[in-house]
Every structure is written in structure tokens, then in C-alpha cells.
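Have a look at coords-v3.cif below; it lists mmCIF, N, CA and C atoms.
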```
data_work
#
loop_
_atom_site.label_atom_id
_atom_site.label_comp_id
_atom_site.auth_asym_id
_atom_site.auth_seq_id
_atom_site.Cartn_x
_atom_site.Cartn_y
_atom_site.Cartn_z
N MET A 181 108.43 187.79 63.15
CA MET A 181 108.08 189.17 63.33
C MET A 181 108.27 189.56 64.78
N GLN A 182 108.92 190.64 65.00
CA GLN A 182 109.21 191.08 66.35
C GLN A 182 107.92 191.56 67.04
N GLY A 183 107.76 191.13 68.29
CA GLY A 183 106.61 191.56 69.06
C GLY A 183 105.35 190.77 68.80
N GLN A 184 105.36 189.86 67.86
CA GLN A 184 104.18 189.05 67.58
C GLN A 184 104.52 187.58 67.77
N SER A 185 103.62 186.87 68.44
CA SER A 185 103.83 185.43 68.55
C SER A 185 103.12 184.75 67.40
N ARG A 186 103.70 183.72 66.92
CA ARG A 186 103.12 182.98 65.79
C ARG A 186 102.88 181.55 66.23
N SER A 187 101.73 181.05 65.90
CA SER A 187 101.41 179.65 66.17
C SER A 187 102.44 178.78 65.47
N PRO A 188 102.82 177.64 66.08
CA PRO A 188 103.78 176.76 65.43
C PRO A 188 103.22 176.12 64.17
N GLY A 189 101.94 176.31 63.90
CA GLY A 189 101.37 175.79 62.66
C GLY A 189 100.43 174.63 62.88
N GLU A 190 100.25 173.92 61.78
CA GLU A 190 99.34 172.78 61.78
C GLU A 190 100.10 171.56 61.27
N GLY A 191 99.66 170.41 61.74
CA GLY A 191 100.24 169.16 61.26
C GLY A 191 99.13 168.14 61.06
N MET A 192 99.20 167.44 59.95
CA MET A 192 98.21 166.40 59.69
C MET A 192 98.89 165.05 59.80
N ILE A 193 98.27 164.17 60.55
CA ILE A 193 98.80 162.83 60.77
C ILE A 193 97.85 161.83 60.13
N HIS A 194 98.37 160.96 59.29
CA HIS A 194 97.54 159.93 58.68
C HIS A 194 97.15 158.94 59.76
N ALA A 195 95.89 158.96 60.15
CA ALA A 195 95.40 158.12 61.25
C ALA A 195 94.29 157.21 60.74
N GLY A 196 94.63 156.37 59.82
CA GLY A 196 93.68 155.41 59.26
C GLY A 196 94.46 154.42 58.42
N THR A 197 93.95 153.23 58.33
CA THR A 197 94.68 152.18 57.62
C THR A 197 94.68 152.43 56.11
N SER A 198 95.67 151.86 55.46
CA SER A 198 95.78 151.90 54.00
C SER A 198 95.96 150.49 53.48
N ILE A 199 95.41 150.24 52.30
CA ILE A 199 95.55 148.92 51.70
C ILE A 199 96.51 148.95 50.52
N PHE A 200 97.13 150.09 50.30
CA PHE A 200 98.03 150.24 49.17
C PHE A 200 99.30 149.41 49.38
N PRO A 201 99.88 148.88 48.30
CA PRO A 201 101.12 148.10 48.43
C PRO A 201 102.20 148.92 49.14
N GLY A 202 102.83 148.31 50.11
CA GLY A 202 103.91 148.96 50.84
C GLY A 202 103.46 149.80 52.02
N ALA A 203 102.15 150.00 52.21
CA ALA A 203 101.65 150.79 53.34
C ALA A 203 101.98 150.08 54.65
N ARG A 204 102.44 150.84 55.61
CA ARG A 204 102.77 150.28 56.93
C ARG A 204 101.77 150.83 57.94
N ASN A 205 100.79 150.03 58.26
CA ASN A 205 99.70 150.46 59.13
C ASN A 205 100.06 150.50 60.60
N VAL A 206 101.18 149.97 60.96
CA VAL A 206 101.60 149.96 62.36
C VAL A 206 101.81 151.38 62.90
N TYR A 207 102.07 152.34 62.03
CA TYR A 207 102.38 153.70 62.47
C TYR A 207 101.19 154.65 62.40
N VAL A 208 100.02 154.18 62.07
CA VAL A 208 98.89 155.09 61.87
C VAL A 208 97.87 155.08 63.00
N GLN A 209 98.13 154.36 64.06
CA GLN A 209 97.20 154.32 65.18
C GLN A 209 97.17 155.69 65.87
N PRO A 210 95.99 156.28 66.06
CA PRO A 210 95.90 157.64 66.59
C PRO A 210 96.59 157.85 67.94
N ILE A 211 96.54 156.87 68.83
CA ILE A 211 97.11 157.06 70.17
C ILE A 211 98.60 157.41 70.11
N LEU A 212 99.25 157.05 69.02
CA LEU A 212 100.67 157.36 68.88
C LEU A 212 100.93 158.86 68.78
N SER A 213 99.89 159.64 68.51
CA SER A 213 100.04 161.09 68.44
C SER A 213 99.73 161.79 69.77
N ASP A 214 99.32 161.04 70.76
CA ASP A 214 98.97 161.61 72.06
C ASP A 214 100.14 162.38 72.67
N HIS A 215 101.33 161.81 72.63
CA HIS A 215 102.49 162.49 73.24
C HIS A 215 102.84 163.78 72.51
N VAL A 216 102.58 163.84 71.21
CA VAL A 216 102.85 165.07 70.45
C VAL A 216 101.91 166.17 70.92
N ALA A 217 100.64 165.82 71.10
CA ALA A 217 99.66 166.81 71.57
C ALA A 217 100.00 167.32 72.95
N VAL A 218 100.53 166.45 73.81
CA VAL A 218 100.92 166.86 75.16
C VAL A 218 102.17 167.74 75.11
N ASP A 219 103.16 167.34 74.35
CA ASP A 219 104.44 168.07 74.30
C ASP A 219 104.36 169.38 73.55
N TYR A 220 103.43 169.50 72.60
CA TYR A 220 103.30 170.72 71.78
C TYR A 220 101.85 171.21 71.81
N PRO A 221 101.41 171.76 72.94
CA PRO A 221 100.00 172.13 73.09
C PRO A 221 99.53 173.26 72.17
N ASP A 222 100.45 173.99 71.54
CA ASP A 222 100.06 175.06 70.62
C ASP A 222 100.07 174.61 69.16
N LEU A 223 100.50 173.40 68.92
CA LEU A 223 100.52 172.85 67.57
C LEU A 223 99.14 172.27 67.24
N VAL A 224 98.55 172.69 66.16
CA VAL A 224 97.27 172.13 65.72
C VAL A 224 97.56 170.79 65.04
N ILE A 225 96.94 169.74 65.56
CA ILE A 225 97.14 168.39 65.03
C ILE A 225 95.82 167.90 64.45
N ILE A 226 95.86 167.46 63.21
CA ILE A 226 94.67 166.96 62.54
C ILE A 226 94.86 165.47 62.28
N LEU A 227 93.94 164.68 62.79
CA LEU A 227 93.97 163.23 62.57
C LEU A 227 93.20 162.91 61.29
N ALA A 228 93.93 162.69 60.22
CA ALA A 228 93.31 162.40 58.92
C ALA A 228 92.61 161.05 58.95
N HIS A 229 91.42 161.01 58.42
CA HIS A 229 90.61 159.81 58.27
C HIS A 229 90.03 159.29 59.58
N GLY A 230 90.20 160.03 60.66
CA GLY A 230 89.54 159.69 61.92
C GLY A 230 89.83 158.31 62.48
N GLY A 231 90.95 157.72 62.12
CA GLY A 231 91.28 156.40 62.64
C GLY A 231 90.59 155.26 61.92
N ARG A 232 89.92 155.57 60.84
CA ARG A 232 89.15 154.56 60.10
C ARG A 232 90.03 153.44 59.58
N PRO A 233 89.60 152.22 59.63
CA PRO A 233 88.38 151.68 60.21
C PRO A 233 88.57 151.03 61.57
N LEU A 234 89.77 151.05 62.11
CA LEU A 234 90.04 150.31 63.35
C LEU A 234 90.02 151.15 64.63
N TRP A 235 90.28 152.44 64.54
CA TRP A 235 90.53 153.24 65.75
C TRP A 235 89.68 154.49 65.85
N MET A 236 88.43 154.44 65.46
CA MET A 236 87.58 155.63 65.54
C MET A 236 87.34 156.07 66.97
N ASP A 237 87.11 155.13 67.87
CA ASP A 237 86.89 155.50 69.28
C ASP A 237 88.12 156.17 69.87
N GLU A 238 89.28 155.67 69.50
CA GLU A 238 90.55 156.24 69.97
C GLU A 238 90.72 157.67 69.46
N ALA A 239 90.43 157.89 68.19
CA ALA A 239 90.54 159.22 67.60
C ALA A 239 89.55 160.18 68.27
N PHE A 240 88.33 159.73 68.47
CA PHE A 240 87.30 160.55 69.13
C PHE A 240 87.76 160.95 70.53
N PHE A 241 88.30 160.00 71.28
CA PHE A 241 88.81 160.28 72.62
C PHE A 241 89.89 161.35 72.58
N LEU A 242 90.84 161.21 71.67
CA LEU A 242 91.95 162.16 71.60
C LEU A 242 91.49 163.57 71.24
N VAL A 243 90.55 163.66 70.31
CA VAL A 243 90.03 164.97 69.91
C VAL A 243 89.32 165.64 71.08
N ARG A 244 88.61 164.86 71.87
CA ARG A 244 87.95 165.41 73.06
C ARG A 244 88.97 165.76 74.14
N ARG A 245 90.04 165.02 74.24
CA ARG A 245 91.03 165.22 75.30
C ARG A 245 91.90 166.44 75.06
N HIS A 246 92.33 166.66 73.83
CA HIS A 246 93.31 167.71 73.53
C HIS A 246 92.67 168.89 72.82
N LYS A 247 92.87 170.08 73.37
CA LYS A 247 92.30 171.28 72.75
C LYS A 247 92.90 171.55 71.38
N ASN A 248 94.10 171.01 71.13
CA ASN A 248 94.82 171.28 69.88
C ASN A 248 94.65 170.17 68.83
N MET A 249 93.79 169.20 69.09
CA MET A 249 93.64 168.08 68.15
C MET A 249 92.28 168.13 67.47
N TYR A 250 92.30 167.87 66.15
CA TYR A 250 91.11 167.93 65.31
C TYR A 250 90.95 166.62 64.55
N LEU A 251 89.72 166.39 64.08
CA LEU A 251 89.39 165.16 63.37
C LEU A 251 89.04 165.49 61.92
N ASP A 252 89.74 164.86 61.00
CA ASP A 252 89.43 164.97 59.58
C ASP A 252 88.63 163.73 59.19
N ILE A 253 87.53 163.93 58.48
CA ILE A 253 86.67 162.79 58.13
C ILE A 253 86.75 162.45 56.64
N SER A 254 87.84 162.82 56.00
CA SER A 254 87.99 162.48 54.58
C SER A 254 88.13 160.98 54.40
N GLY A 255 87.59 160.51 53.30
CA GLY A 255 87.69 159.09 52.97
C GLY A 255 86.68 158.22 53.69
N ILE A 256 85.83 158.81 54.52
CA ILE A 256 84.80 158.05 55.23
C ILE A 256 83.49 158.26 54.47
N PRO A 257 82.84 157.19 54.04
CA PRO A 257 81.56 157.37 53.35
C PRO A 257 80.58 158.13 54.26
N PRO A 258 80.08 159.27 53.82
CA PRO A 258 79.22 160.09 54.68
C PRO A 258 78.05 159.33 55.30
N GLN A 259 77.45 158.41 54.55
CA GLN A 259 76.30 157.68 55.07
C GLN A 259 76.66 156.77 56.24
N LYS A 260 77.96 156.52 56.46
CA LYS A 260 78.39 155.68 57.57
C LYS A 260 78.91 156.49 58.76
N LEU A 261 79.04 157.80 58.60
CA LEU A 261 79.62 158.63 59.65
C LEU A 261 78.93 158.49 60.99
N LEU A 262 77.62 158.67 61.02
CA LEU A 262 76.90 158.67 62.29
C LEU A 262 76.50 157.28 62.75
N LEU A 263 76.14 156.41 61.82
CA LEU A 263 75.67 155.09 62.21
C LEU A 263 76.81 154.17 62.63
N GLU A 264 77.90 154.20 61.91
CA GLU A 264 78.99 153.26 62.17
C GLU A 264 80.19 153.88 62.88
N TYR A 265 80.63 155.03 62.41
CA TYR A 265 81.93 155.53 62.84
C TYR A 265 81.89 156.53 64.00
N PHE A 266 81.08 157.55 63.91
CA PHE A 266 81.08 158.61 64.93
C PHE A 266 79.65 159.00 65.30
N PRO A 267 78.95 158.17 66.06
CA PRO A 267 77.57 158.50 66.42
C PRO A 267 77.45 159.78 67.24
N ARG A 268 78.52 160.20 67.90
CA ARG A 268 78.51 161.43 68.72
C ARG A 268 79.25 162.57 68.03
N LEU A 269 79.27 162.58 66.71
CA LEU A 269 80.00 163.58 65.94
C LEU A 269 79.59 165.01 66.29
N GLU A 270 78.33 165.23 66.51
CA GLU A 270 77.85 166.59 66.81
C GLU A 270 78.51 167.16 68.06
N GLU A 271 78.87 166.30 69.03
CA GLU A 271 79.52 166.76 70.26
C GLU A 271 80.86 167.43 69.99
N ILE A 272 81.54 167.02 68.92
CA ILE A 272 82.85 167.59 68.62
C ILE A 272 82.84 168.38 67.31
N ALA A 273 81.67 168.85 66.91
CA ALA A 273 81.53 169.55 65.63
C ALA A 273 82.49 170.73 65.50
N ASP A 274 82.88 171.35 66.60
CA ASP A 274 83.84 172.47 66.56
C ASP A 274 85.24 172.02 66.18
N LYS A 275 85.47 170.71 66.15
CA LYS A 275 86.82 170.19 65.93
C LYS A 275 86.88 169.15 64.81
N VAL A 276 85.92 169.23 63.88
CA VAL A 276 85.85 168.27 62.78
C VAL A 276 86.00 169.01 61.45
N LEU A 277 86.79 168.42 60.56
CA LEU A 277 87.03 168.99 59.23
C LEU A 277 86.56 168.01 58.16
N PHE A 278 85.75 168.50 57.24
CA PHE A 278 85.33 167.69 56.11
C PHE A 278 86.45 167.70 55.08
N GLY A 279 86.77 166.55 54.57
CA GLY A 279 87.76 166.43 53.51
C GLY A 279 87.23 165.50 52.45
N THR A 280 87.79 165.57 51.28
CA THR A 280 87.26 164.76 50.19
C THR A 280 88.02 163.46 49.98
N ASP A 281 89.32 163.47 50.17
CA ASP A 281 90.19 162.34 49.86
C ASP A 281 90.13 162.00 48.37
N TRP A 282 89.71 162.96 47.57
CA TRP A 282 89.60 162.77 46.14
C TRP A 282 90.95 163.00 45.49
N PRO A 283 91.37 162.25 44.58
CA PRO A 283 90.69 161.15 43.90
C PRO A 283 91.01 159.81 44.53
N GLY A 284 90.70 159.65 45.77
CA GLY A 284 91.00 158.42 46.48
C GLY A 284 90.07 157.28 46.13
N PHE A 285 90.45 156.12 46.60
CA PHE A 285 89.67 154.90 46.39
C PHE A 285 88.28 155.10 46.99
N GLY A 286 87.27 154.86 46.21
CA GLY A 286 85.90 154.95 46.70
C GLY A 286 85.29 156.35 46.69
N VAL A 287 86.06 157.36 46.31
CA VAL A 287 85.54 158.72 46.25
C VAL A 287 85.40 159.09 44.78
N ARG A 288 84.22 158.85 44.25
CA ARG A 288 84.01 159.08 42.82
C ARG A 288 83.47 160.47 42.52
N ASP A 289 82.69 161.03 43.44
CA ASP A 289 82.04 162.30 43.17
C ASP A 289 81.96 163.12 44.46
N VAL A 290 82.74 164.18 44.55
CA VAL A 290 82.78 165.01 45.74
C VAL A 290 81.42 165.65 46.00
N GLY A 291 80.76 166.13 44.97
CA GLY A 291 79.44 166.75 45.12
C GLY A 291 78.43 165.81 45.74
N LYS A 292 78.45 164.55 45.32
CA LYS A 292 77.53 163.56 45.89
C LYS A 292 77.88 163.29 47.35
N ASN A 293 79.18 163.27 47.68
CA ASN A 293 79.57 163.07 49.07
C ASN A 293 79.07 164.22 49.95
N ILE A 294 79.18 165.44 49.44
CA ILE A 294 78.69 166.59 50.21
C ILE A 294 77.17 166.50 50.37
N ALA A 295 76.47 166.11 49.33
CA ALA A 295 75.01 165.96 49.42
C ALA A 295 74.65 164.89 50.46
N LYS A 296 75.37 163.79 50.47
CA LYS A 296 75.12 162.74 51.47
C LYS A 296 75.41 163.25 52.87
N PHE A 297 76.47 164.05 53.01
CA PHE A 297 76.80 164.62 54.32
C PHE A 297 75.68 165.57 54.77
N ARG A 298 75.20 166.41 53.86
CA ARG A 298 74.14 167.37 54.20
C ARG A 298 72.84 166.66 54.57
N ALA A 299 72.65 165.42 54.12
CA ALA A 299 71.44 164.66 54.44
C ALA A 299 71.49 164.02 55.82
N LEU A 300 72.63 164.07 56.48
CA LEU A 300 72.76 163.47 57.80
C LEU A 300 71.96 164.26 58.83
N PRO A 301 71.50 163.59 59.89
CA PRO A 301 70.75 164.29 60.94
C PRO A 301 71.68 165.06 61.89
N LEU A 302 72.39 166.02 61.33
CA LEU A 302 73.24 166.94 62.10
C LEU A 302 72.62 168.32 61.99
N SER A 303 72.77 169.11 63.03
CA SER A 303 72.23 170.47 62.98
C SER A 303 72.93 171.28 61.87
N GLN A 304 72.24 172.30 61.38
CA GLN A 304 72.83 173.15 60.36
C GLN A 304 74.09 173.85 60.86
N PRO A 305 74.11 174.36 62.11
CA PRO A 305 75.36 174.96 62.60
C PRO A 305 76.53 173.97 62.62
N ALA A 306 76.27 172.72 63.01
CA ALA A 306 77.33 171.71 63.03
C ALA A 306 77.81 171.41 61.61
N GLN A 307 76.88 171.29 60.68
CA GLN A 307 77.27 171.03 59.29
C GLN A 307 78.12 172.17 58.74
N HIS A 308 77.72 173.40 59.03
CA HIS A 308 78.48 174.56 58.54
C HIS A 308 79.91 174.56 59.10
N LYS A 309 80.05 174.26 60.38
CA LYS A 309 81.38 174.21 61.00
C LYS A 309 82.24 173.15 60.33
N ILE A 310 81.67 171.97 60.13
CA ILE A 310 82.41 170.84 59.58
C ILE A 310 82.77 171.07 58.11
N LEU A 311 81.85 171.60 57.34
CA LEU A 311 82.09 171.81 55.92
C LEU A 311 82.96 173.03 55.62
N TYR A 312 82.89 174.05 56.46
CA TYR A 312 83.59 175.29 56.14
C TYR A 312 84.21 176.01 57.36
N GLY A 313 83.41 176.25 58.36
CA GLY A 313 83.80 177.13 59.45
C GLY A 313 85.08 176.74 60.18
N ASN A 314 85.24 175.47 60.50
CA ASN A 314 86.43 175.06 61.24
C ASN A 314 87.70 175.24 60.43
N ALA A 315 87.66 174.87 59.16
CA ALA A 315 88.83 175.02 58.30
C ALA A 315 89.16 176.51 58.14
N ALA A 316 88.14 177.34 57.95
CA ALA A 316 88.38 178.77 57.79
C ALA A 316 89.01 179.34 59.06
N ARG A 317 88.51 178.94 60.22
CA ARG A 317 89.05 179.42 61.49
C ARG A 317 90.50 178.98 61.67
N LEU A 318 90.80 177.72 61.35
CA LEU A 318 92.14 177.20 61.56
C LEU A 318 93.16 177.71 60.56
N PHE A 319 92.77 177.73 59.29
CA PHE A 319 93.76 178.02 58.24
C PHE A 319 93.77 179.46 57.77
N LEU A 320 92.62 180.12 57.77
CA LEU A 320 92.59 181.50 57.28
C LEU A 320 92.93 182.52 58.35
N SER A 321 92.54 182.23 59.59
CA SER A 321 92.78 183.21 60.65
C SER A 321 94.24 183.26 61.07
N SER A 322 95.00 182.22 60.78
CA SER A 322 96.41 182.21 61.20
C SER A 322 97.33 182.82 60.15
N ARG A 323 96.78 183.31 59.06
CA ARG A 323 97.61 183.88 57.99
C ARG A 323 97.75 185.36 58.13
#
```
Show how you would write the structure in this file as C-alpha cells.
Amino acid sequence: MQGQSRSPGEGMIHAGTSIFPGARNVYVQPILSDHVAVDYPDLVIILAHGGRPLWMDEAFFLVRRHKNMYLDISGIPPQKLLLEYFPRLEEIADKVLFGTDWPGFGVRDVGKNIAKFRALPLSQPAQHKILYGNAARLFLSSR
């Protein structure tokens, strides 16, 4: 459209290991996306699965470092989010997206996962951002 700038869009990068036959985990380490975030600062980059289970600290660092990088927490058991994987999740609540990874391995009931997430000791504003607000801001406002 003439006279209007358009965001280059969004990109999701699988940043977590897979155990499926033929999966090549060598390419899923989050730090490998660092150069993309630097070279394309207007591109929204979403790190799917938050680097689980080997690179959560790396994913957290990148999301804090780059204004254009976001963390998707799909496929992570909600009860392990704060204790094991992301104890400082509330600090980046503006940049976290809840995902289901359904019908993925270990995700039997999306409703139960949301209930477990809501039971976490996160503020209500942070929960709202993660469950709805961030996705609405990223995907609905750019349309």
C-alpha cells in the first residue's frame, strides 16, 4: 500500500528439542536466531517452546535482549514453568505467548493446562498478557 509501511511480519522458530524420529536437534538452539534478530529488527521472532529442555536460560536472555523477540511456552507443563524453566517469567510477561502444542505429546487437555497456568503465582495482569493480550497485540493489531 502506498504511503503506509508494513511490518515484515512474524516468524516462529522451533527452539526446543524433539524426540520424534528424524528430528535434527542441532538446529533448534535459540542462540542461532540471535543474528536474525539483529539483522531484521522489525521482524517479530517467536521462540517456540522456549528452548525446552536444554536452552531455557538462552531463550530468556534473547527475549530480554531483543525488542523483536518473544517466547512461546507451548509444550511446557504449566506446573513446571516457574519452578523449573522460567522462574523470572513475570519479568518478561509482555513478551510471552501461551500456546497449547495440542495435540502434542503430553498435552491431553488444553483446559486443564490453562487451569494449571492460572494457578501459578503470577499476577493477573501478567496472566492476561500471556494468555491473550500479547497475541492480540502482535497478531490482531498488524492486520
So that I can check the secondary structure, give me every residue of stretch 192-283 of chain A assigned helix (DSSP H, G or I) by backbone DSSP, as a ChimeraX atom specification. /A:205-207,210-219,229-231,236-245,258-265,269-275
Same residues, N, CA and C atoms, saved as a compact mmCIF listing (two decimals), in the coordinates of the input:
```
# COMPACT_ATOMS: atom_id res chain seq x y z
N ASN A 205 100.79 150.03 58.26
CA ASN A 205 99.70 150.46 59.13
C ASN A 205 100.06 150.50 60.60
N VAL A 206 101.18 149.97 60.96
CA VAL A 206 101.60 149.96 62.36
C VAL A 206 101.81 151.38 62.90
N TYR A 207 102.07 152.34 62.03
CA TYR A 207 102.38 153.70 62.47
C TYR A 207 101.19 154.65 62.40
N PRO A 210 95.99 156.28 66.06
CA PRO A 210 95.90 157.64 66.59
C PRO A 210 96.59 157.85 67.94
N ILE A 211 96.54 156.87 68.83
CA ILE A 211 97.11 157.06 70.17
C ILE A 211 98.60 157.41 70.11
N LEU A 212 99.25 157.05 69.02
CA LEU A 212 100.67 157.36 68.88
C LEU A 212 100.93 158.86 68.78
N SER A 213 99.89 159.64 68.51
CA SER A 213 100.04 161.09 68.44
C SER A 213 99.73 161.79 69.77
N ASP A 214 99.32 161.04 70.76
CA ASP A 214 98.97 161.61 72.06
C ASP A 214 100.14 162.38 72.67
N HIS A 215 101.33 161.81 72.63
CA HIS A 215 102.49 162.49 73.24
C HIS A 215 102.84 163.78 72.51
N VAL A 216 102.58 163.84 71.21
CA VAL A 216 102.85 165.07 70.45
C VAL A 216 101.91 166.17 70.92
N ALA A 217 100.64 165.82 71.10
CA ALA A 217 99.66 166.81 71.57
C ALA A 217 100.00 167.32 72.95
N VAL A 218 100.53 166.45 73.81
CA VAL A 218 100.92 166.86 75.16
C VAL A 218 102.17 167.74 75.11
N ASP A 219 103.16 167.34 74.35
CA ASP A 219 104.44 168.07 74.30
C ASP A 219 104.36 169.38 73.55
N HIS A 229 91.42 161.01 58.42
CA HIS A 229 90.61 159.81 58.27
C HIS A 229 90.03 159.29 59.58
N GLY A 230 90.20 160.03 60.66
CA GLY A 230 89.54 159.69 61.92
C GLY A 230 89.83 158.31 62.48
N GLY A 231 90.95 157.72 62.12
CA GLY A 231 91.28 156.40 62.64
C GLY A 231 90.59 155.26 61.92
N MET A 236 88.43 154.44 65.46
CA MET A 236 87.58 155.63 65.54
C MET A 236 87.34 156.07 66.97
N ASP A 237 87.11 155.13 67.87
CA ASP A 237 86.89 155.50 69.28
C ASP A 237 88.12 156.17 69.87
N GLU A 238 89.28 155.67 69.50
CA GLU A 238 90.55 156.24 69.97
C GLU A 238 90.72 157.67 69.46
N ALA A 239 90.43 157.89 68.19
CA ALA A 239 90.54 159.22 67.60
C ALA A 239 89.55 160.18 68.27
N PHE A 240 88.33 159.73 68.47
CA PHE A 240 87.30 160.55 69.13
C PHE A 240 87.76 160.95 70.53
N PHE A 241 88.30 160.00 71.28
CA PHE A 241 88.81 160.28 72.62
C PHE A 241 89.89 161.35 72.58
N LEU A 242 90.84 161.21 71.67
CA LEU A 242 91.95 162.16 71.60
C LEU A 242 91.49 163.57 71.24
N VAL A 243 90.55 163.66 70.31
CA VAL A 243 90.03 164.97 69.91
C VAL A 243 89.32 165.64 71.08
N ARG A 244 88.61 164.86 71.87
CA ARG A 244 87.95 165.41 73.06
C ARG A 244 88.97 165.76 74.14
N ARG A 245 90.04 165.02 74.24
CA ARG A 245 91.03 165.22 75.30
C ARG A 245 91.90 166.44 75.06
N PRO A 258 80.08 159.27 53.82
CA PRO A 258 79.22 160.09 54.68
C PRO A 258 78.05 159.33 55.30
N GLN A 259 77.45 158.41 54.55
CA GLN A 259 76.30 157.68 55.07
C GLN A 259 76.66 156.77 56.24
N LYS A 260 77.96 156.52 56.46
CA LYS A 260 78.39 155.68 57.57
C LYS A 260 78.91 156.49 58.76
N LEU A 261 79.04 157.80 58.60
CA LEU A 261 79.62 158.63 59.65
C LEU A 261 78.93 158.49 60.99
N LEU A 262 77.62 158.67 61.02
CA LEU A 262 76.90 158.67 62.29
C LEU A 262 76.50 157.28 62.75
N LEU A 263 76.14 156.41 61.82
CA LEU A 263 75.67 155.09 62.21
C LEU A 263 76.81 154.17 62.63
N GLU A 264 77.90 154.20 61.91
CA GLU A 264 78.99 153.26 62.17
C GLU A 264 80.19 153.88 62.88
N TYR A 265 80.63 155.03 62.41
CA TYR A 265 81.93 155.53 62.84
C TYR A 265 81.89 156.53 64.00
N LEU A 269 79.27 162.58 66.71
CA LEU A 269 80.00 163.58 65.94
C LEU A 269 79.59 165.01 66.29
N GLU A 270 78.33 165.23 66.51
CA GLU A 270 77.85 166.59 66.81
C GLU A 270 78.51 167.16 68.06
N GLU A 271 78.87 166.30 69.03
CA GLU A 271 79.52 166.76 70.26
C GLU A 271 80.86 167.43 69.99
N ILE A 272 81.54 167.02 68.92
CA ILE A 272 82.85 167.59 68.62
C ILE A 272 82.84 168.38 67.31
N ALA A 273 81.67 168.85 66.91
CA ALA A 273 81.53 169.55 65.63
C ALA A 273 82.49 170.73 65.50
N ASP A 274 82.88 171.35 66.60
CA ASP A 274 83.84 172.47 66.56
C ASP A 274 85.24 172.02 66.18
N LYS A 275 85.47 170.71 66.15
CA LYS A 275 86.82 170.19 65.93
C LYS A 275 86.88 169.15 64.81
```
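Taking atom C of A:Val224 and atom CA of A:Asp281 as the two end points, the separation is 18.9 Å.
Minimum distance to A:Gly191 across A:Leu269, A:Leu318, A:Val287, A:Leu262 (counting only C-alpha atoms) occurs at A:Leu318.
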Report, in Å with one decimal, the straight-line distance from atom CA of A:Val290 to atom CA of A:Val276. 17.6 Å
Just to confirm, what's the straight-line distance from atom N of A:Leu212 to atom CA of A:Glu238 in Å (one decimal)? 8.8 Å
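Shortest atom-to-atom contact with A:Gly255 among A:His308, A:Arg268, A:Arg232, A:Lys292: A:Arg232, counting all atoms listed in the file.
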If you take all atoms listed in the file and a cut-off of 6.5 Å, which residues of stretch 214-309 of chain A touch stretch 197-210 of chain A, and what are their nearest atom pairs and distances in Å to one decimal, in chain and number order, as CSV?
```
residue,atom,partner,partner_atom,distance
A:Asp214,N,A:Pro210,C,5.1
A:Gly231,C,A:Thr197,N,5.3
A:Arg232,C,A:Thr197,N,4.1
A:Pro233,N,A:Thr197,N,4.7
A:Leu234,N,A:Thr197,N,6.0
A:Trp235,CA,A:Pro210,N,6.3
A:Glu238,C,A:Pro210,CA,5.9
A:Ala239,CA,A:Pro210,CA,5.7
```
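With distances taken over all atoms listed in the file, A:Ala273 is the one residue among A:Asn248, A:Ala273, A:Trp282, A:Pro267 lying closest to A:Pro305.
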Identify all residues of chain A in strand (DSSP E or B) (DSSP on the backbone) and supply them as a VMD selection string. chain A and resid 190 to 194 224 to 228 249 to 252 276 to 277
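Of the listed residues A:Phe240, A:Phe278, A:Tyr265, A:Phe285, the one whose atoms come nearest to A:Ala315 is A:Phe278, with distances taken using only C-alpha atoms.
Near A:Gly189, within 8 Å and counting only N, CA and C atoms, sit Asp222, Leu223, Val224 and Ile225 of chain A; same-chain residues fewer than 4 positions away were not included.
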Between A:Arg298, A:Arg245, A:His194, A:Arg288, single out the one closest to A:Gly230, counting all atoms listed in the file. A:His194
For stretch 261-270 of chain A, supply N, CA, C and O atoms and report the output as a PDB file, in the frame of the given file.
```
ATOM      1  N   LEU A 261      79.040 157.800  58.600  1.00  0.00           N
ATOM      2  CA  LEU A 261      79.620 158.630  59.650  1.00  0.00           C
ATOM      3  C   LEU A 261      78.930 158.490  60.990  1.00  0.00           C
ATOM      4  O   LEU A 261      79.585 158.247  62.007  1.00  0.00           O
ATOM      5  N   LEU A 262      77.620 158.670  61.020  1.00  0.00           N
ATOM      6  CA  LEU A 262      76.900 158.670  62.290  1.00  0.00           C
ATOM      7  C   LEU A 262      76.500 157.280  62.750  1.00  0.00           C
ATOM      8  O   LEU A 262      76.494 157.000  63.938  1.00  0.00           O
ATOM      9  N   LEU A 263      76.140 156.410  61.820  1.00  0.00           N
ATOM     10  CA  LEU A 263      75.670 155.090  62.210  1.00  0.00           C
ATOM     11  C   LEU A 263      76.810 154.170  62.630  1.00  0.00           C
ATOM     12  O   LEU A 263      76.678 153.426  63.593  1.00  0.00           O
ATOM     13  N   GLU A 264      77.900 154.200  61.910  1.00  0.00           N
ATOM     14  CA  GLU A 264      78.990 153.260  62.170  1.00  0.00           C
ATOM     15  C   GLU A 264      80.190 153.880  62.880  1.00  0.00           C
ATOM     16  O   GLU A 264      80.732 153.294  63.791  1.00  0.00           O
ATOM     17  N   TYR A 265      80.630 155.030  62.410  1.00  0.00           N
ATOM     18  CA  TYR A 265      81.930 155.530  62.840  1.00  0.00           C
ATOM     19  C   TYR A 265      81.890 156.530  64.000  1.00  0.00           C
ATOM     20  O   TYR A 265      82.620 156.371  64.970  1.00  0.00           O
ATOM     21  N   PHE A 266      81.080 157.550  63.910  1.00  0.00           N
ATOM     22  CA  PHE A 266      81.080 158.610  64.930  1.00  0.00           C
ATOM     23  C   PHE A 266      79.650 159.000  65.300  1.00  0.00           C
ATOM     24  O   PHE A 266      79.182 160.078  64.927  1.00  0.00           O
ATOM     25  N   PRO A 267      78.950 158.170  66.060  1.00  0.00           N
ATOM     26  CA  PRO A 267      77.570 158.500  66.420  1.00  0.00           C
ATOM     27  C   PRO A 267      77.450 159.780  67.240  1.00  0.00           C
ATOM     28  O   PRO A 267      76.401 160.412  67.251  1.00  0.00           O
ATOM     29  N   ARG A 268      78.520 160.200  67.900  1.00  0.00           N
ATOM     30  CA  ARG A 268      78.510 161.430  68.720  1.00  0.00           C
ATOM     31  C   ARG A 268      79.250 162.570  68.030  1.00  0.00           C
ATOM     32  O   ARG A 268      79.773 163.465  68.679  1.00  0.00           O
ATOM     33  N   LEU A 269      79.270 162.580  66.710  1.00  0.00           N
ATOM     34  CA  LEU A 269      80.000 163.580  65.940  1.00  0.00           C
ATOM     35  C   LEU A 269      79.590 165.010  66.290  1.00  0.00           C
ATOM     36  O   LEU A 269      80.435 165.899  66.369  1.00  0.00           O
ATOM     37  N   GLU A 270      78.330 165.230  66.510  1.00  0.00           N
ATOM     38  CA  GLU A 270      77.850 166.590  66.810  1.00  0.00           C
ATOM     39  C   GLU A 270      78.510 167.160  68.060  1.00  0.00           C
ATOM     40  O   GLU A 270      78.746 168.361  68.156  1.00  0.00           O
TER      41      GLU A 270
END
```
